[in-house]
$ cat upload_6.cif   # mmCIF, C-alpha atoms
data_protein
#
loop_
_atom_site.label_atom_id
_atom_site.label_comp_id
_atom_site.auth_asym_id
_atom_site.auth_seq_id
_atom_site.Cartn_x
_atom_site.Cartn_y
_atom_site.Cartn_z
CA MET T 1 -14.07 26.23 -21.35
CA PRO T 2 -12.92 23.65 -23.96
CA GLY T 3 -15.35 21.02 -22.60
CA GLY T 4 -18.30 23.36 -23.14
CA ARG T 5 -17.24 24.14 -26.70
CA ALA T 6 -16.77 20.46 -27.50
CA ARG T 7 -20.22 19.73 -26.15
CA LEU T 8 -21.72 22.55 -28.25
CA LEU T 9 -20.04 21.15 -31.37
CA LEU T 10 -21.37 17.70 -30.53
CA SER T 11 -24.92 19.02 -30.11
CA LEU T 12 -24.61 20.88 -33.44
CA ALA T 13 -23.39 17.70 -35.07
CA ALA T 14 -26.29 15.81 -33.52
CA VAL T 15 -28.78 18.38 -34.88
CA ILE T 16 -27.28 18.13 -38.37
CA VAL T 17 -27.32 14.33 -38.32
CA THR T 18 -30.89 14.30 -36.99
CA ALA T 19 -31.95 16.75 -39.70
CA ALA T 20 -30.28 14.64 -42.39
CA CYS T 21 -31.96 11.46 -41.14
CA GLY T 22 -35.28 13.27 -40.77
CA ALA T 23 -35.37 13.82 -44.53
CA LYS T 24 -35.42 10.05 -45.08
CA ARG T 25 -37.55 8.70 -42.22
CA ALA T 26 -39.78 9.83 -39.38
CA ALA T 27 -38.10 11.78 -36.60
CA PRO T 28 -37.17 9.59 -33.61
CA PRO T 29 -39.04 10.24 -30.34
CA GLN T 30 -37.63 13.18 -28.42
CA VAL T 31 -35.12 12.02 -25.80
CA ARG T 32 -34.66 14.55 -23.03
CA PRO T 33 -31.39 14.28 -21.12
CA VAL T 34 -32.18 13.00 -17.62
CA PRO T 35 -30.74 15.40 -15.04
CA PRO T 36 -28.18 13.66 -12.81
CA ARG T 37 -29.47 12.47 -9.48
CA PRO T 38 -28.77 15.00 -6.71
CA THR T 39 -25.84 14.32 -4.41
CA LEU T 40 -25.56 15.52 -0.83
CA VAL T 41 -22.01 15.72 0.52
CA VAL T 42 -21.43 16.33 4.24
CA LEU T 43 -18.06 16.80 5.90
CA LEU T 44 -17.87 15.01 9.25
CA PRO T 45 -15.39 15.14 12.12
CA ASP T 46 -13.03 12.17 12.13
CA PRO T 47 -14.81 9.42 14.12
CA GLU T 48 -11.71 8.75 16.28
CA THR T 49 -9.80 12.04 16.59
CA GLY T 50 -12.73 14.45 16.25
CA THR T 51 -10.74 16.69 13.90
CA THR T 52 -12.38 17.88 10.68
CA GLY T 53 -10.55 17.85 7.35
CA ARG T 54 -11.72 19.64 4.24
CA ALA T 55 -13.22 18.78 0.91
CA ARG T 56 -14.24 20.47 -2.32
CA VAL T 57 -17.45 19.57 -4.11
CA PHE T 58 -17.38 20.58 -7.76
CA ASN T 59 -18.87 20.03 -11.16
CA GLU T 60 -18.72 21.81 -14.53
CA PHE T 61 -20.69 24.77 -13.15
CA GLY T 62 -18.66 25.58 -10.06
CA SER T 63 -17.46 24.41 -6.69
CA THR T 64 -18.19 24.61 -2.97
CA ASP T 65 -15.60 24.15 -0.25
CA LEU T 66 -16.43 22.32 2.96
CA ASN T 67 -14.23 22.91 5.99
CA ALA T 68 -16.38 22.84 9.14
CA PRO T 69 -18.02 19.96 11.04
CA ARG T 70 -21.26 18.79 9.38
CA ALA T 71 -20.92 21.35 6.57
CA GLY T 72 -22.93 20.06 3.62
CA SER T 73 -23.51 20.92 -0.02
CA LEU T 74 -26.26 19.63 -2.28
CA ALA T 75 -25.26 19.23 -5.92
CA THR T 76 -27.92 18.80 -8.59
CA GLY T 77 -25.71 18.51 -11.62
CA THR T 78 -27.53 21.32 -13.42
CA ALA T 79 -25.89 24.13 -11.45
CA ALA T 80 -22.91 24.72 -9.19
CA PRO T 81 -23.04 22.66 -5.95
CA GLY T 82 -25.23 24.44 -3.40
CA SER T 83 -23.80 26.82 -0.84
CA VAL T 84 -22.76 25.38 2.52
CA THR T 85 -25.47 24.46 4.99
CA THR T 86 -24.66 22.95 8.36
CA MET T 87 -26.57 19.80 9.24
CA SER T 88 -27.56 19.12 12.84
CA GLU T 89 -26.16 16.04 14.56
CA GLU T 90 -29.69 14.61 14.56
CA GLU T 91 -30.00 15.02 10.78
CA VAL T 92 -26.61 13.36 10.24
CA ALA T 93 -27.68 10.45 12.43
CA ARG T 94 -31.05 10.16 10.67
CA VAL T 95 -29.62 10.18 7.12
CA PHE T 96 -26.26 8.46 7.64
CA GLY T 97 -26.71 6.52 10.90
CA ALA T 98 -26.83 3.05 9.29
CA ALA T 99 -23.72 3.71 7.17
CA LEU T 100 -21.87 5.19 10.17
CA ALA T 101 -22.76 2.15 12.26
CA ALA T 102 -21.30 -0.14 9.56
CA LEU T 103 -17.96 1.73 9.47
CA PRO T 104 -15.13 -0.59 10.56
CA PRO T 105 -12.98 0.59 13.49
CA ALA T 106 -9.90 2.67 12.62
CA PRO T 107 -6.77 0.63 11.93
CA ARG T 108 -4.16 0.84 14.72
CA HIS T 109 -0.43 1.28 14.31
CA PHE T 110 2.40 0.16 16.60
CA THR T 111 6.15 0.50 16.30
CA LEU T 112 8.45 -1.91 18.10
CA HIS T 113 12.18 -1.21 18.44
CA PHE T 114 15.17 -3.53 18.54
CA LYS T 115 18.53 -3.61 20.23
CA PHE T 116 21.54 -2.78 18.00
CA GLU T 117 22.21 -5.39 15.26
CA SER T 118 19.88 -7.74 17.04
CA ASP T 119 16.46 -9.26 16.63
CA ALA T 120 15.70 -8.84 20.35
CA LEU T 121 13.08 -6.26 21.33
CA THR T 122 13.92 -3.38 23.63
CA ASP T 123 12.29 -3.64 27.06
CA ALA T 124 9.92 -0.75 26.29
CA SER T 125 8.75 -2.55 23.14
CA THR T 126 8.27 -5.87 24.91
CA ALA T 127 5.95 -4.01 27.27
CA MET T 128 3.75 -2.97 24.29
CA ILE T 129 2.80 -6.51 23.27
CA PRO T 130 -0.34 -6.72 25.47
CA ALA T 131 -1.69 -3.49 23.92
CA ILE T 132 -1.18 -4.95 20.43
CA LEU T 133 -3.01 -8.13 21.36
CA ALA T 134 -5.87 -6.08 22.81
CA ALA T 135 -6.10 -4.08 19.59
CA VAL T 136 -6.28 -7.28 17.54
CA ARG T 137 -9.03 -8.69 19.74
CA ALA T 138 -11.03 -5.47 19.40
CA MET T 139 -11.18 -5.78 15.59
CA PRO T 140 -13.88 -7.59 13.66
CA VAL T 141 -11.99 -10.09 11.41
CA PRO T 142 -8.53 -8.68 12.23
CA GLU T 143 -5.61 -8.55 9.81
CA VAL T 144 -2.13 -7.86 11.19
CA ALA T 145 0.65 -6.60 8.93
CA VAL T 146 4.15 -6.99 10.39
CA VAL T 147 6.89 -5.11 8.50
CA GLY T 148 10.55 -5.24 9.57
CA HIS T 149 12.97 -2.32 9.10
CA THR T 150 16.66 -1.68 9.79
CA ASP T 151 19.03 1.27 9.93
CA THR T 152 21.70 1.79 7.23
CA MET T 153 24.54 -0.06 8.99
CA GLY T 154 25.58 -3.08 6.92
CA GLU T 155 24.60 -4.02 3.37
CA PRO T 156 21.08 -3.54 1.95
CA LYS T 157 20.76 -7.27 1.24
CA THR T 158 21.81 -8.23 4.76
CA ASN T 159 19.40 -5.63 6.10
CA LEU T 160 16.51 -7.05 4.11
CA ALA T 161 17.20 -10.38 5.80
CA LEU T 162 17.62 -8.71 9.23
CA GLY T 163 14.33 -6.85 8.75
CA LEU T 164 12.59 -10.13 7.98
CA LYS T 165 14.22 -11.77 11.00
CA ARG T 166 12.89 -8.96 13.20
CA ALA T 167 9.43 -9.24 11.68
CA MET T 168 9.49 -13.01 12.27
CA THR T 169 10.48 -12.43 15.92
CA VAL T 170 7.39 -10.28 16.34
CA ARG T 171 5.25 -12.75 14.44
CA ASN T 172 6.37 -15.56 16.76
CA ILE T 173 5.61 -13.50 19.85
CA LEU T 174 2.12 -12.76 18.52
CA VAL T 175 1.46 -16.37 17.52
CA GLU T 176 2.64 -17.63 20.92
CA ALA T 177 0.26 -15.14 22.49
CA GLY T 178 -2.57 -16.78 20.58
CA LEU T 179 -2.99 -14.92 17.29
CA ALA T 180 -4.05 -17.03 14.32
CA LEU T 181 -1.28 -17.38 11.76
CA SER T 182 -3.80 -16.72 8.97
CA THR T 183 -4.33 -13.14 10.17
CA LEU T 184 -0.60 -12.31 10.00
CA ASP T 185 1.25 -10.94 6.98
CA VAL T 186 5.04 -10.71 7.48
CA SER T 187 7.44 -8.77 5.26
CA SER T 188 10.67 -6.71 5.31
CA HIS T 189 11.58 -3.34 3.84
CA GLY T 190 15.20 -3.63 5.07
CA GLU T 191 16.86 -0.20 5.02
CA ALA T 192 14.68 1.10 2.13
CA ASP T 193 12.02 2.76 4.30
CA LEU T 194 13.81 4.76 7.01
CA LEU T 195 11.74 6.42 9.71
CA VAL T 196 14.59 8.89 10.26
CA LYS T 197 16.46 9.75 7.05
CA THR T 198 20.21 9.14 7.47
CA ARG T 199 23.30 8.67 5.31
CA ASP T 200 24.49 5.16 4.58
CA LYS T 201 26.31 3.31 7.39
CA THR T 202 24.60 5.34 10.12
CA PRO T 203 23.51 3.65 13.34
CA GLU T 204 20.04 4.97 14.22
CA PRO T 205 18.00 3.15 16.87
CA ARG T 206 14.71 4.67 15.66
CA ASN T 207 15.17 2.98 12.28
CA ARG T 208 15.60 -0.48 13.83
CA ARG T 209 11.94 -1.26 14.11
CA VAL T 210 8.99 -3.43 13.22
CA GLU T 211 5.82 -1.64 12.25
CA ILE T 212 2.59 -3.37 13.02
CA THR T 213 -0.72 -2.41 11.49
CA VAL T 214 -3.86 -3.91 12.99
CA ARG T 215 -6.86 -3.49 10.75
CA MET Y 1 -6.13 28.42 -0.20
CA SER Y 2 -3.48 28.31 -2.93
CA GLY Y 3 -3.31 24.55 -2.38
CA LEU Y 4 -6.99 24.24 -3.15
CA HIS Y 5 -6.65 26.31 -6.33
CA ARG Y 6 -3.87 24.12 -7.58
CA PHE Y 7 -6.04 21.17 -6.70
CA GLY Y 8 -8.80 22.47 -9.05
CA GLY Y 9 -6.31 22.60 -11.92
CA VAL Y 10 -5.12 19.09 -11.31
CA VAL Y 11 -8.67 17.82 -11.14
CA ALA Y 12 -9.53 19.49 -14.48
CA PHE Y 13 -6.57 17.71 -16.01
CA VAL Y 14 -7.67 14.37 -14.56
CA LEU Y 15 -11.21 14.93 -15.87
CA ALA Y 16 -9.86 15.52 -19.35
CA SER Y 17 -8.03 12.22 -19.38
CA VAL Y 18 -9.81 8.90 -19.64
CA THR Y 19 -10.00 6.82 -16.48
CA PRO Y 20 -8.30 3.52 -17.19
CA VAL Y 21 -10.26 0.46 -16.21
CA ALA Y 22 -8.19 -1.12 -13.47
CA ALA Y 23 -7.41 -4.73 -14.19
CA GLN Y 24 -8.26 -7.00 -11.32
CA GLN Y 25 -5.10 -7.64 -9.39
CA ALA Y 26 -4.21 -10.75 -7.47
CA VAL Y 27 -3.45 -8.59 -4.43
CA PRO Y 28 -6.62 -7.54 -2.60
CA ALA Y 29 -7.35 -3.84 -2.23
CA GLY Y 30 -8.83 -4.57 1.18
CA HIS Y 31 -11.26 -6.67 3.16
CA ILE Y 32 -14.88 -6.71 4.23
CA LYS Y 33 -15.12 -6.02 7.96
CA THR Y 34 -18.80 -5.56 8.75
CA VAL Y 35 -21.96 -6.88 7.11
CA SER Y 36 -25.60 -6.68 8.13
CA GLY Y 37 -28.69 -7.59 6.15
CA GLY Y 38 -28.39 -7.91 2.39
CA ALA Y 39 -24.89 -6.91 1.23
CA PHE Y 40 -23.15 -8.01 -1.96
CA VAL Y 41 -19.99 -7.71 -3.99
CA VAL Y 42 -20.50 -7.50 -7.74
CA ARG Y 43 -17.42 -8.83 -9.51
CA GLU Y 44 -17.28 -9.52 -13.26
CA ASN Y 45 -21.08 -9.70 -13.52
CA ALA Y 46 -21.37 -12.16 -10.61
CA THR Y 47 -23.20 -10.98 -7.48
CA ILE Y 48 -21.59 -12.56 -4.44
CA PRO Y 49 -23.10 -12.32 -0.93
CA ALA Y 50 -20.67 -10.28 1.22
CA ARG Y 51 -19.06 -11.97 4.21
CA PRO Y 52 -16.76 -10.43 6.83
CA GLY Y 53 -13.10 -11.29 6.17
CA GLU Y 54 -13.44 -11.66 2.40
CA ALA Y 55 -11.17 -9.78 0.05
CA ILE Y 56 -12.15 -6.77 -2.05
CA PHE Y 57 -10.42 -5.98 -5.34
CA ALA Y 58 -10.14 -2.94 -7.57
CA SER Y 59 -13.17 -2.73 -9.90
CA ASP Y 60 -15.46 -4.47 -7.38
CA VAL Y 61 -18.89 -2.97 -6.75
CA LEU Y 62 -20.34 -2.89 -3.22
CA ARG Y 63 -24.11 -3.13 -3.11
CA THR Y 64 -26.69 -3.33 -0.33
CA SER Y 65 -30.37 -4.12 -0.47
CA VAL Y 66 -33.01 -2.33 1.61
CA GLY Y 67 -31.98 -2.61 5.27
CA GLY Y 68 -28.48 -3.90 4.39
CA ALA Y 69 -25.12 -2.39 5.35
CA ILE Y 70 -21.45 -3.16 4.67
CA GLY Y 71 -18.10 -1.77 5.86
CA ILE Y 72 -14.67 -2.35 4.31
CA THR Y 73 -11.08 -1.35 5.19
CA LEU Y 74 -8.57 -0.92 2.37
CA LYS Y 75 -4.80 -1.55 2.51
CA ASP Y 76 -3.97 2.13 3.03
CA ASP Y 77 -6.44 2.35 5.98
CA THR Y 78 -9.18 3.99 3.89
CA ARG Y 79 -12.57 2.94 5.23
CA ILE Y 80 -15.85 2.87 3.31
CA SER Y 81 -19.30 1.91 4.55
CA LEU Y 82 -22.70 1.78 2.88
CA GLY Y 83 -26.16 2.07 4.37
CA SER Y 84 -29.44 0.71 3.03
CA ASP Y 85 -30.11 0.25 -0.72
CA SER Y 86 -26.78 1.72 -1.80
CA GLU Y 87 -24.05 1.15 -4.36
CA VAL Y 88 -20.40 2.21 -4.54
CA ARG Y 89 -17.92 1.13 -7.20
CA ILE Y 90 -14.17 0.93 -6.50
CA ASP Y 91 -13.15 2.09 -9.96
CA ARG Y 92 -9.44 2.24 -9.30
CA TYR Y 93 -7.22 1.37 -6.37
CA VAL Y 94 -3.43 1.46 -6.37
CA TYR Y 95 -1.44 1.38 -3.14
CA ALA Y 96 2.24 0.70 -3.74
CA PRO Y 97 4.05 3.47 -1.84
CA GLY Y 98 7.45 1.83 -2.38
CA GLU Y 99 7.11 2.06 -6.17
CA GLY Y 100 5.37 5.44 -6.02
CA GLY Y 101 2.05 4.01 -7.24
CA LEU Y 102 -0.91 5.61 -5.45
CA GLY Y 103 -4.43 6.34 -6.55
CA MET Y 104 -8.09 5.75 -5.87
CA VAL Y 105 -11.31 6.45 -7.74
CA LEU Y 106 -14.61 5.68 -6.03
CA LYS Y 107 -17.98 6.01 -7.75
CA PHE Y 108 -20.93 6.71 -5.46
CA VAL Y 109 -23.77 5.36 -7.59
CA ARG Y 110 -26.74 5.58 -5.21
CA GLY Y 111 -27.80 5.54 -1.59
CA VAL Y 112 -25.74 6.54 1.43
CA ALA Y 113 -22.08 5.96 2.17
CA VAL Y 114 -19.36 7.11 4.55
CA TYR Y 115 -15.74 7.57 3.46
CA VAL Y 116 -12.80 7.96 5.86
CA SER Y 117 -9.54 8.79 4.12
CA GLY Y 118 -6.39 6.75 4.66
CA ARG Y 119 -2.71 6.99 3.78
CA ILE Y 120 -3.23 7.69 0.07
CA ALA Y 121 -4.96 10.94 1.06
CA LYS Y 122 -1.91 11.86 3.14
CA LEU Y 123 0.72 10.84 0.57
CA ALA Y 124 -0.98 11.87 -2.69
CA PRO Y 125 -4.35 13.62 -2.12
CA ASP Y 126 -4.62 14.67 -5.77
CA SER Y 127 -4.64 10.99 -6.80
CA ILE Y 128 -8.02 10.52 -5.07
CA ARG Y 129 -11.29 11.19 -6.84
CA LEU Y 130 -14.73 10.57 -5.39
CA GLU Y 131 -17.34 10.69 -8.13
CA SER Y 132 -21.09 11.05 -7.85
CA PRO Y 133 -23.68 11.64 -10.58
CA ALA Y 134 -23.96 15.38 -9.85
CA ALA Y 135 -20.50 16.32 -8.60
CA ILE Y 136 -16.97 15.23 -7.94
CA ILE Y 137 -15.40 15.53 -4.50
CA GLY Y 138 -11.78 16.33 -3.81
CA VAL Y 139 -10.51 15.49 -0.34
CA ARG Y 140 -7.79 16.52 2.10
CA GLY Y 141 -7.62 14.00 4.95
CA THR Y 142 -11.32 13.78 5.37
CA THR Y 143 -14.35 11.97 6.70
CA LEU Y 144 -17.33 12.42 4.38
CA ALA Y 145 -20.92 11.27 4.29
CA ILE Y 146 -22.50 11.10 0.84
CA ARG Y 147 -26.08 10.55 -0.27
CA VAL Y 148 -27.01 10.02 -3.89
CA ASP Y 149 -30.76 10.31 -4.39
CA SER Y 150 -32.58 7.73 -6.48
#
$ encode --input "upload_6.cif" --output "structure tokens"
Amino acid sequence: MPGGRARLLLSLAAVIVTAACGAKRAAPPQVRPVPPRPTLVVLLPDPETGTTGRARVFNEFGSTDLNAPRAGSLATGTAAPGSVTTMSEEEVARVFGAALAALPPAPRHFTLHFKFESDALTDASTAMIPAILAAVRAMPVPEVAVVGHTDTMGEPKTNLALGLKRAMTVRNILVEAGLALSTLDVSSHGEADLLVKTRDKTPEPRNRRVEITVR
Amino acid sequence: MSGLHRFGGVVAFVLASVTPVAAQQAVPAGHIKTVSGGAFVVRENATIPARPGEAIFASDVLRTSVGGAIGITLKDDTRISLGSDSEVRIDRYVYAPGEGGLGMVLKFVRGVAVYVSGRIAKLAPDSIRLESPAAIIGVRGTTLAIRVDS
């Protein structure tokens, strides 16, 4: 491994320099490298969906893959990360309970659709507004990002403006419903961020949308 | 499995290169959402008491005292929380999917923390690196709990 060789060369160089200095003055006190502090890594199920992802814990000596709920590996930094041990739910709560309790709620995403070449919401989307407001109220210090999108009918520049108009429509609905303006961030991606990829000049209702992130 | 092997190669390459120190950007990386007890943001050598709603920037350090806790949500929906007497540094944070700029480096310095991956992990998982003193962690859409012993 090139890293290992470089380190060896460095240590050799250090020995030579130390030896050279030693001839002139007293040897410096021995400094032992401090071993890195151990790290415990535990894979947890997603707090909202319950699904478990995967992770790899590695250092210069090797690696350990984690892919089951509460699978953990202890790395000491002087050897490959330890083999997988499964923690009990009680252990996870004991060690990580305070950090888990401080975890903010998962951001929520909503997509509202518009009538063709219009900034009026479809009826189904109008019906979603109460759920959005509820999501905002459930958040500690909520931020709401409102991003307008269009399909590829018309010119990109016009669509950027139309996207912004749609986002403003949604913003106004949310403000009228009582959301503080300071929590809202409004922008437009026009036709540059299609949900459904289409050719230019293609009417596609699913692309005429405003995406709302509540976090 | 082949994905994970490739992942090892990429990580080795990243390790060989020097991590650039992210300049503080005007655009926040995210916001503080929860605070209890002693919790602080260390920014350019100033230690600021953490308050819910305040912005977090790349290169900020999150720190808690004994009994303290803090939780933040970043722009890509990544969530990070710290328990008692803990420290995590946001070494690098880039979330500009339109321009293709994505990346995150977190340094778990000490104590306990929870990490829940966001959109960067979906769009560019190899651009994420979680560092601890004894190991580095590569993620694939993951919730992790990490403890760094003192």
$ atom_distance --input "upload_6.cif" --atom1 "CA of Val114 in chain Y" --atom2 "CA of Phe96 in chain T"
7.7 Å
$ closest_atom_pairs --input "upload_6.cif" --of "chain T" --to "chain Y" --cutoff "6 Å" --atoms "only C-alpha atoms" --output "tab-separated table"
residue	atom	partner	partner_atom	distance
T:Pro36	CA	Y:Pro133	CA	5.4
T:Arg37	CA	Y:Asp149	CA	5.7
T:Pro38	CA	Y:Asp149	CA	5.6
T:Thr39	CA	Y:Val148	CA	4.5
T:Leu40	CA	Y:Arg147	CA	5.0
T:Val41	CA	Y:Ile146	CA	4.7
T:Val42	CA	Y:Ala145	CA	5.1
T:Leu43	CA	Y:Leu144	CA	4.7
T:Leu44	CA	Y:Thr143	CA	5.3
T:Asp46	CA	Y:Thr143	CA	5.6
T:Gly53	CA	Y:Thr142	CA	4.6
T:Arg54	CA	Y:Arg140	CA	5.5
T:Ala55	CA	Y:Val139	CA	4.4
T:Arg56	CA	Y:Gly138	CA	5.0
T:Val57	CA	Y:Ile137	CA	4.5
T:Phe58	CA	Y:Ala135	CA	5.3
T:Asn59	CA	Y:Ala135	CA	4.8
T:Ala75	CA	Y:Ala134	CA	5.7
T:Thr76	CA	Y:Ala134	CA	5.4
T:Gly77	CA	Y:Ala134	CA	4.0
T:Ala98	CA	Y:Gly83	CA	5.1
T:Ala99	CA	Y:Gly83	CA	4.1
T:Ala102	CA	Y:Gly71	CA	5.2
T:Leu103	CA	Y:Gly71	CA	5.0
T:Pro104	CA	Y:Gly71	CA	5.7
T:Val141	CA	Y:Gly53	CA	5.5
$ atom_distance --input "upload_6.cif" --atom1 "CA of Phe110 in chain T" --atom2 "CA of Arg51 in chain Y"
27.6 Å
$ resolve_selection --input "upload_6.cif" --expression "the PyMOL selection byres ((chain Y and resi 89) around 6)" --output "list in words"
Val61, Val88, Ile90, Asp91, Leu106 and Lys107 of chain Y
$ resolve_selection --input "upload_6.cif" --expression "the PyMOL selection byres ((chain T and resi 176-185) around 12)" --output "short mmCIF file (atom, residue, chain, number, x, y, z; two decimals) with C-alpha atoms, in the frame of the given file"
data_model
loop_
_atom_site.label_atom_id
_atom_site.label_comp_id
_atom_site.auth_asym_id
_atom_site.auth_seq_id
_atom_site.Cartn_x
_atom_site.Cartn_y
_atom_site.Cartn_z
CA ILE T 129 2.80 -6.51 23.27
CA PRO T 130 -0.34 -6.72 25.47
CA ALA T 131 -1.69 -3.49 23.92
CA ILE T 132 -1.18 -4.95 20.43
CA LEU T 133 -3.01 -8.13 21.36
CA ALA T 134 -5.87 -6.08 22.81
CA ALA T 135 -6.10 -4.08 19.59
CA VAL T 136 -6.28 -7.28 17.54
CA ARG T 137 -9.03 -8.69 19.74
CA MET T 139 -11.18 -5.78 15.59
CA PRO T 140 -13.88 -7.59 13.66
CA VAL T 141 -11.99 -10.09 11.41
CA PRO T 142 -8.53 -8.68 12.23
CA GLU T 143 -5.61 -8.55 9.81
CA VAL T 144 -2.13 -7.86 11.19
CA ALA T 145 0.65 -6.60 8.93
CA VAL T 146 4.15 -6.99 10.39
CA VAL T 147 6.89 -5.11 8.50
CA GLY T 148 10.55 -5.24 9.57
CA LEU T 164 12.59 -10.13 7.98
CA ALA T 167 9.43 -9.24 11.68
CA MET T 168 9.49 -13.01 12.27
CA THR T 169 10.48 -12.43 15.92
CA VAL T 170 7.39 -10.28 16.34
CA ARG T 171 5.25 -12.75 14.44
CA ASN T 172 6.37 -15.56 16.76
CA ILE T 173 5.61 -13.50 19.85
CA LEU T 174 2.12 -12.76 18.52
CA VAL T 175 1.46 -16.37 17.52
CA VAL T 186 5.04 -10.71 7.48
CA SER T 187 7.44 -8.77 5.26
CA SER T 188 10.67 -6.71 5.31
CA GLU T 211 5.82 -1.64 12.25
CA ILE T 212 2.59 -3.37 13.02
CA THR T 213 -0.72 -2.41 11.49
CA VAL T 214 -3.86 -3.91 12.99
CA ARG T 215 -6.86 -3.49 10.75
CA HIS Y 31 -11.26 -6.67 3.16
CA GLY Y 53 -13.10 -11.29 6.17
#
$ closest_residue --input "upload_6.cif" --among "T:Gly50, T:Gly154, T:Pro107, T:Pro69" --to "Glu89 in chain T" --atoms "all atoms listed in the file"
T:Pro69
$ atom_distance --input "upload_6.cif" --atom1 "CA of Gly190 in chain T" --atom2 "CA of Val94 in chain Y"
22.4 Å
$ resolve_selection --input "upload_6.cif" --expression "the PyMOL selection byres ((chain Y and resi 127) around 10)" --output "PyMOL selection string"
chain Y and resi 10-11+14+93-94+101-105+120-121+123-126+128-129+138-139
$ closest_residue --input "upload_6.cif" --among "T:Pro205, T:Ala101, T:Ala79, T:Ser118" --to "Phe61 in chain T" --atoms "all atoms listed in the file"
T:Ala79
$ residues_around --input "upload_6.cif" --residues "Ile48 in chain Y" --least-positions-apart "2" --cutoff "12 Å" --atoms "only C-alpha atoms" --output "PyMOL selection string"
chain Y and resi 38-46+50-51+54-56+60-64
$ axis_aligned_box --input "upload_6.cif" --around "range 83-99 of chain T" --padding-each-side "5 Å" --output "lines of an AutoDock Vina configuration file"
center_x = -26.9
center_y = 14.9
center_z = 6.9
size_x = 18.3
size_y = 33.8
size_z = 25.4
$ closest_residue --input "upload_6.cif" --among "T:Ala93, T:Gly62, T:Ala127, T:Val210" --to "Gly163 in chain T" --atoms "all atoms listed in the file"
T:Val210
$ closest_residue --input "upload_6.cif" --among "T:Met153, T:Leu160, T:Leu112, T:Val84" --to "Lys201 in chain T" --atoms "only C-alpha atoms"
T:Met153
